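Participant: First the structure, which I've put down as structure tokens, then a few questions once you've had a look.
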Amino acid sequence: MSLPARGPFQVHGKIIDVVDTVHHTASLTREYALKTNVTRTDTRTCPAGMVRKGNLAHTIHEFPSNHASPNLKDRSLVSVTMTPKGKNAAMVSLTLTKAKNPTVVQFQMRCAKA
């Protein structure tokens, strides 16, 4: 039996990286618990011999106290921007602009063989 997560959340840059050496691909994923109006930045670099592919993907997870999906007007708003740093790295900036519930943002950068 698993219990639902309860706040306050203390996730400080949980790393979930997956590198596939057979198909020469990588998924660089990081998860942050954000506070309102605080910007978190992170620079991610692809493994040697790989370059960035595609756009940055991100998901927003909200954790209301009643464990139900929040109303549309109560949804968290997050600004996620990526600044390329050459062909194999990028700086990601995350800012939580509005939130009524604890919010965790996960972003993913994909890499592949050059």
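We label chains A, B, ... in the order they appear in the structure tokens, count residues from 1 in each chain, and number ligands from 1 in the order shown.
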For Met50 (chain A), please output as a ChimeraX atom specification all residues within 6 Å (counting only C-alpha atoms; exclusion window: fewer than 3 positions along the same chain).
Facilitator: /A:46-47,111-114
Participant: Could the residues in this selection be saved with all heavy atoms as a compact mmCIF listing (two decimals), in the first residue's frame?
Facilitator:
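Saved as part-v6.txt:
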# COMPACT_ATOMS: atom_id res chain seq x y z
N CYS A 46 24.96 17.29 -22.73
CA CYS A 46 24.80 15.94 -23.26
C CYS A 46 26.10 15.15 -23.06
O CYS A 46 27.18 15.73 -23.00
CB CYS A 46 24.48 15.99 -24.75
SG CYS A 46 22.86 16.68 -25.10
N PRO A 47 26.01 13.82 -22.99
CA PRO A 47 27.22 12.99 -22.89
C PRO A 47 28.13 13.19 -24.11
O PRO A 47 27.69 13.67 -25.15
CB PRO A 47 26.66 11.56 -22.86
CG PRO A 47 25.25 11.69 -22.40
CD PRO A 47 24.79 13.02 -22.92
N CYS A 111 19.08 13.94 -26.15
CA CYS A 111 20.37 13.99 -26.84
C CYS A 111 20.48 12.75 -27.74
O CYS A 111 19.91 11.71 -27.45
CB CYS A 111 21.52 13.98 -25.86
SG CYS A 111 21.47 15.32 -24.64
N ALA A 112 21.25 12.89 -28.82
CA ALA A 112 21.49 11.76 -29.71
C ALA A 112 22.87 11.92 -30.34
O ALA A 112 23.47 13.00 -30.27
CB ALA A 112 20.42 11.68 -30.80
N LYS A 113 23.34 10.84 -30.94
CA LYS A 113 24.65 10.84 -31.56
C LYS A 113 24.70 11.89 -32.67
O LYS A 113 23.76 12.04 -33.44
CB LYS A 113 24.99 9.46 -32.13
CG LYS A 113 26.41 9.34 -32.60
CD LYS A 113 26.70 7.91 -33.01
CE LYS A 113 28.14 7.79 -33.47
NZ LYS A 113 28.49 6.43 -33.80
N ALA A 114 25.82 12.60 -32.74
CA ALA A 114 25.96 13.69 -33.73
C ALA A 114 26.02 13.15 -35.14
O ALA A 114 26.36 12.07 -35.43
CB ALA A 114 27.24 14.46 -33.44
Participant: Among region 23-58 of chain A, which residues does DSSP mark as strand (DSSP E) when it is run on the backbone? Keep the chain and numbering as in the structure and answer as a list in words.
Facilitator: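 Of region 23-58 of chain A, the ones in strand (DSSP E) are Thr25, Ala26, Ser27, Leu28, Thr29, Arg30, Glu31, Tyr32, Ala33, Leu34, Thr39, Arg40, Thr41, Asp42, Thr43, Arg44, Thr45, Met50, Val51, Arg52, Lys53, Gly54, Asn55, Leu56, Ala57 and His58 of chain A.
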Participant: How many Å separate CA of Thr21 (chain A) from CA of Ala89 (chain A)?
Facilitator: 18.7 Å
Participant: Compare A:His67, A:Ala99, A:Asn88, A:Val104 by their minimum atom-to-atom distance to Arg40 (chain A), counting only C-alpha atoms, and give me the closest one.
Facilitator: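 Among the listed residues, A:Val104 lies closest to Arg40 (chain A).
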Participant: Could you pull the residues within 7 Å of Gln106 (chain A), counting only C-alpha atoms, minus those fewer than 4 positions along the same chain, as a list in words?
Facilitator: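 The residues satisfying every condition are Thr29, Arg30, Glu31, Tyr32, His58, Thr59 and Ile60 of chain A.
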Participant: Would you pick out the contacts of Thr97 (chain A) at 12 Å or less, using only C-alpha atoms, so that residues sharing its chain but fewer than 2 positions from it are not included, and give the list as a list in words?
Facilitator: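 Returned residues: Leu34, Lys35, Thr36, Asn37, Val38, Thr39, Arg75, Ser76, Leu77, Val78, Ser79, Val80, Leu94, Thr95, Ala99, Lys100 and Thr103 of chain A.
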Participant: Residues of the last selection are to be written out with all heavy atoms, as a tab-separated table (two decimals), in the first residue's frame.
Facilitator:
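File written: part_29.tsv
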chain	number	residue	atom	x	y	z
A	34	LEU	N	9.40	23.96	-6.75
A	34	LEU	CA	9.58	25.40	-6.91
A	34	LEU	C	8.78	26.18	-5.88
A	34	LEU	O	7.73	25.75	-5.43
A	34	LEU	CB	9.14	25.83	-8.31
A	34	LEU	CG	9.90	25.23	-9.48
A	34	LEU	CD1	9.29	25.70	-10.79
A	34	LEU	CD2	11.35	25.60	-9.42
A	35	LYS	N	9.30	27.37	-5.56
A	35	LYS	CA	8.59	28.33	-4.72
A	35	LYS	C	8.16	29.48	-5.61
A	35	LYS	O	8.84	29.80	-6.59
A	35	LYS	CB	9.48	28.82	-3.59
A	35	LYS	CG	9.83	27.74	-2.61
A	35	LYS	CD	10.68	28.28	-1.49
A	35	LYS	CE	11.06	27.17	-0.54
A	35	LYS	NZ	11.91	27.66	0.55
A	36	THR	N	7.09	30.15	-5.26
A	36	THR	CA	6.55	31.23	-6.07
A	36	THR	C	7.56	32.37	-6.21
A	36	THR	O	8.19	32.79	-5.24
A	36	THR	CB	5.25	31.77	-5.45
A	36	THR	OG1	4.37	30.68	-5.24
A	36	THR	CG2	4.57	32.77	-6.35
A	37	ASN	N	7.71	32.86	-7.44
A	37	ASN	CA	8.58	33.98	-7.81
A	37	ASN	C	10.06	33.75	-7.51
A	37	ASN	O	10.81	34.69	-7.31
A	37	ASN	CB	8.10	35.28	-7.15
A	37	ASN	CG	6.75	35.68	-7.66
A	37	ASN	OD1	6.43	35.47	-8.83
A	37	ASN	ND2	5.92	36.23	-6.79
A	38	VAL	N	10.48	32.51	-7.48
A	38	VAL	CA	11.89	32.17	-7.33
A	38	VAL	C	12.32	31.46	-8.62
A	38	VAL	O	11.69	30.49	-9.04
A	38	VAL	CB	12.14	31.25	-6.12
A	38	VAL	CG1	13.59	30.83	-6.05
A	38	VAL	CG2	11.73	31.95	-4.84
A	39	THR	N	13.37	31.95	-9.25
A	39	THR	CA	13.85	31.36	-10.50
A	39	THR	C	14.95	30.36	-10.21
A	39	THR	O	15.90	30.67	-9.49
A	39	THR	CB	14.39	32.46	-11.45
A	39	THR	OG1	13.31	33.37	-11.72
A	39	THR	CG2	14.88	31.87	-12.75
A	75	ARG	N	-4.81	26.54	-11.05
A	75	ARG	CA	-3.64	25.86	-11.61
A	75	ARG	C	-2.39	26.71	-11.45
A	75	ARG	O	-2.44	27.93	-11.49
A	75	ARG	CB	-3.85	25.56	-13.10
A	75	ARG	CG	-4.89	24.52	-13.39
A	75	ARG	CD	-4.34	23.16	-13.04
A	75	ARG	NE	-5.34	22.14	-13.10
A	75	ARG	CZ	-5.26	21.09	-13.87
A	75	ARG	NH1	-4.24	20.92	-14.67
A	75	ARG	NH2	-6.19	20.18	-13.83
A	76	SER	N	-1.26	26.05	-11.33
A	76	SER	CA	0.02	26.73	-11.23
A	76	SER	C	0.47	27.19	-12.61
A	76	SER	O	0.26	26.50	-13.60
A	76	SER	CB	1.08	25.79	-10.64
A	76	SER	OG	0.72	25.41	-9.33
A	77	LEU	N	1.11	28.35	-12.65
A	77	LEU	CA	1.68	28.86	-13.88
A	77	LEU	C	3.20	28.87	-13.75
A	77	LEU	O	3.73	29.44	-12.80
A	77	LEU	CB	1.18	30.29	-14.17
A	77	LEU	CG	-0.30	30.43	-14.45
A	77	LEU	CD1	-0.64	31.90	-14.64
A	77	LEU	CD2	-0.68	29.66	-15.69
A	78	VAL	N	3.87	28.24	-14.70
A	78	VAL	CA	5.32	28.13	-14.67
A	78	VAL	C	5.89	28.63	-15.98
A	78	VAL	O	5.41	28.27	-17.05
A	78	VAL	CB	5.76	26.66	-14.42
A	78	VAL	CG1	7.27	26.55	-14.39
A	78	VAL	CG2	5.16	26.12	-13.15
A	79	SER	N	6.92	29.46	-15.88
A	79	SER	CA	7.64	29.92	-17.06
A	79	SER	C	8.90	29.07	-17.21
A	79	SER	O	9.74	29.03	-16.31
A	79	SER	CB	8.01	31.39	-16.90
A	79	SER	OG	8.87	31.79	-17.92
A	80	VAL	N	9.02	28.36	-18.34
A	80	VAL	CA	10.17	27.50	-18.60
A	80	VAL	C	10.84	27.99	-19.88
A	80	VAL	O	10.21	28.03	-20.93
A	80	VAL	CB	9.75	26.02	-18.76
A	80	VAL	CG1	10.95	25.14	-19.04
A	80	VAL	CG2	9.02	25.54	-17.52
A	94	LEU	N	13.56	28.08	-14.75
A	94	LEU	CA	12.21	27.74	-14.31
A	94	LEU	C	11.75	28.78	-13.29
A	94	LEU	O	12.44	29.03	-12.30
A	94	LEU	CB	12.19	26.37	-13.63
A	94	LEU	CG	12.83	25.21	-14.38
A	94	LEU	CD1	13.03	24.04	-13.43
A	94	LEU	CD2	11.96	24.79	-15.53
A	95	THR	N	10.58	29.39	-13.52
A	95	THR	CA	10.02	30.36	-12.58
A	95	THR	C	8.56	30.04	-12.35
A	95	THR	O	7.77	29.98	-13.30
A	95	THR	CB	10.15	31.79	-13.13
A	95	THR	OG1	11.50	32.05	-13.46
A	95	THR	CG2	9.69	32.81	-12.10
A	99	ALA	N	0.87	30.02	-7.86
A	99	ALA	CA	0.60	28.67	-7.33
A	99	ALA	C	-0.22	28.75	-6.06
A	99	ALA	O	0.03	29.60	-5.20
A	99	ALA	CB	1.90	27.95	-7.05
A	100	LYS	N	-1.22	27.89	-5.96
A	100	LYS	CA	-1.99	27.75	-4.73
A	100	LYS	C	-1.64	26.45	-4.03
A	100	LYS	O	-1.99	26.24	-2.88
A	100	LYS	CB	-3.48	27.78	-5.02
A	100	LYS	CG	-4.00	29.14	-5.39
A	100	LYS	CD	-5.49	29.21	-5.25
A	100	LYS	CE	-5.93	30.65	-5.45
A	100	LYS	NZ	-7.30	30.85	-5.06
A	103	THR	N	4.12	22.70	-5.92
A	103	THR	CA	4.30	22.41	-7.34
A	103	THR	C	5.70	21.87	-7.60
A	103	THR	O	6.68	22.40	-7.10
A	103	THR	CB	4.07	23.68	-8.18
A	103	THR	OG1	2.77	24.19	-7.88
A	103	THR	CG2	4.16	23.39	-9.66
Participant: Between A:Pro64, A:Pro70, A:Gly13, A:Gly54, which has the minimum distance to Thr41 (chain A) (counting only C-alpha atoms)?
Facilitator: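 Answer, going by the shortest atom-to-atom distance: A:Gly13.
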Participant: My list of candidates is A:Val22, A:Leu96, A:Leu28, A:Ala48. Which is closest to His61 (chain A) when distances are computed with only C-alpha atoms?
Facilitator: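 Result for the nearest residue to His61 (chain A): A:Leu96.
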Participant: Interatomic distance between CA of Ile15 (chain A) and CA of Leu72 (chain A)?
Facilitator: 29.5 Å
Participant: Can you measure CA of Val51 (chain A) to CA of Lys14 (chain A) for me? One decimal in Å is fine.
Facilitator: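 Taking CA of Val51 (chain A) and CA of Lys14 (chain A), their separation equals 22.4 Å.
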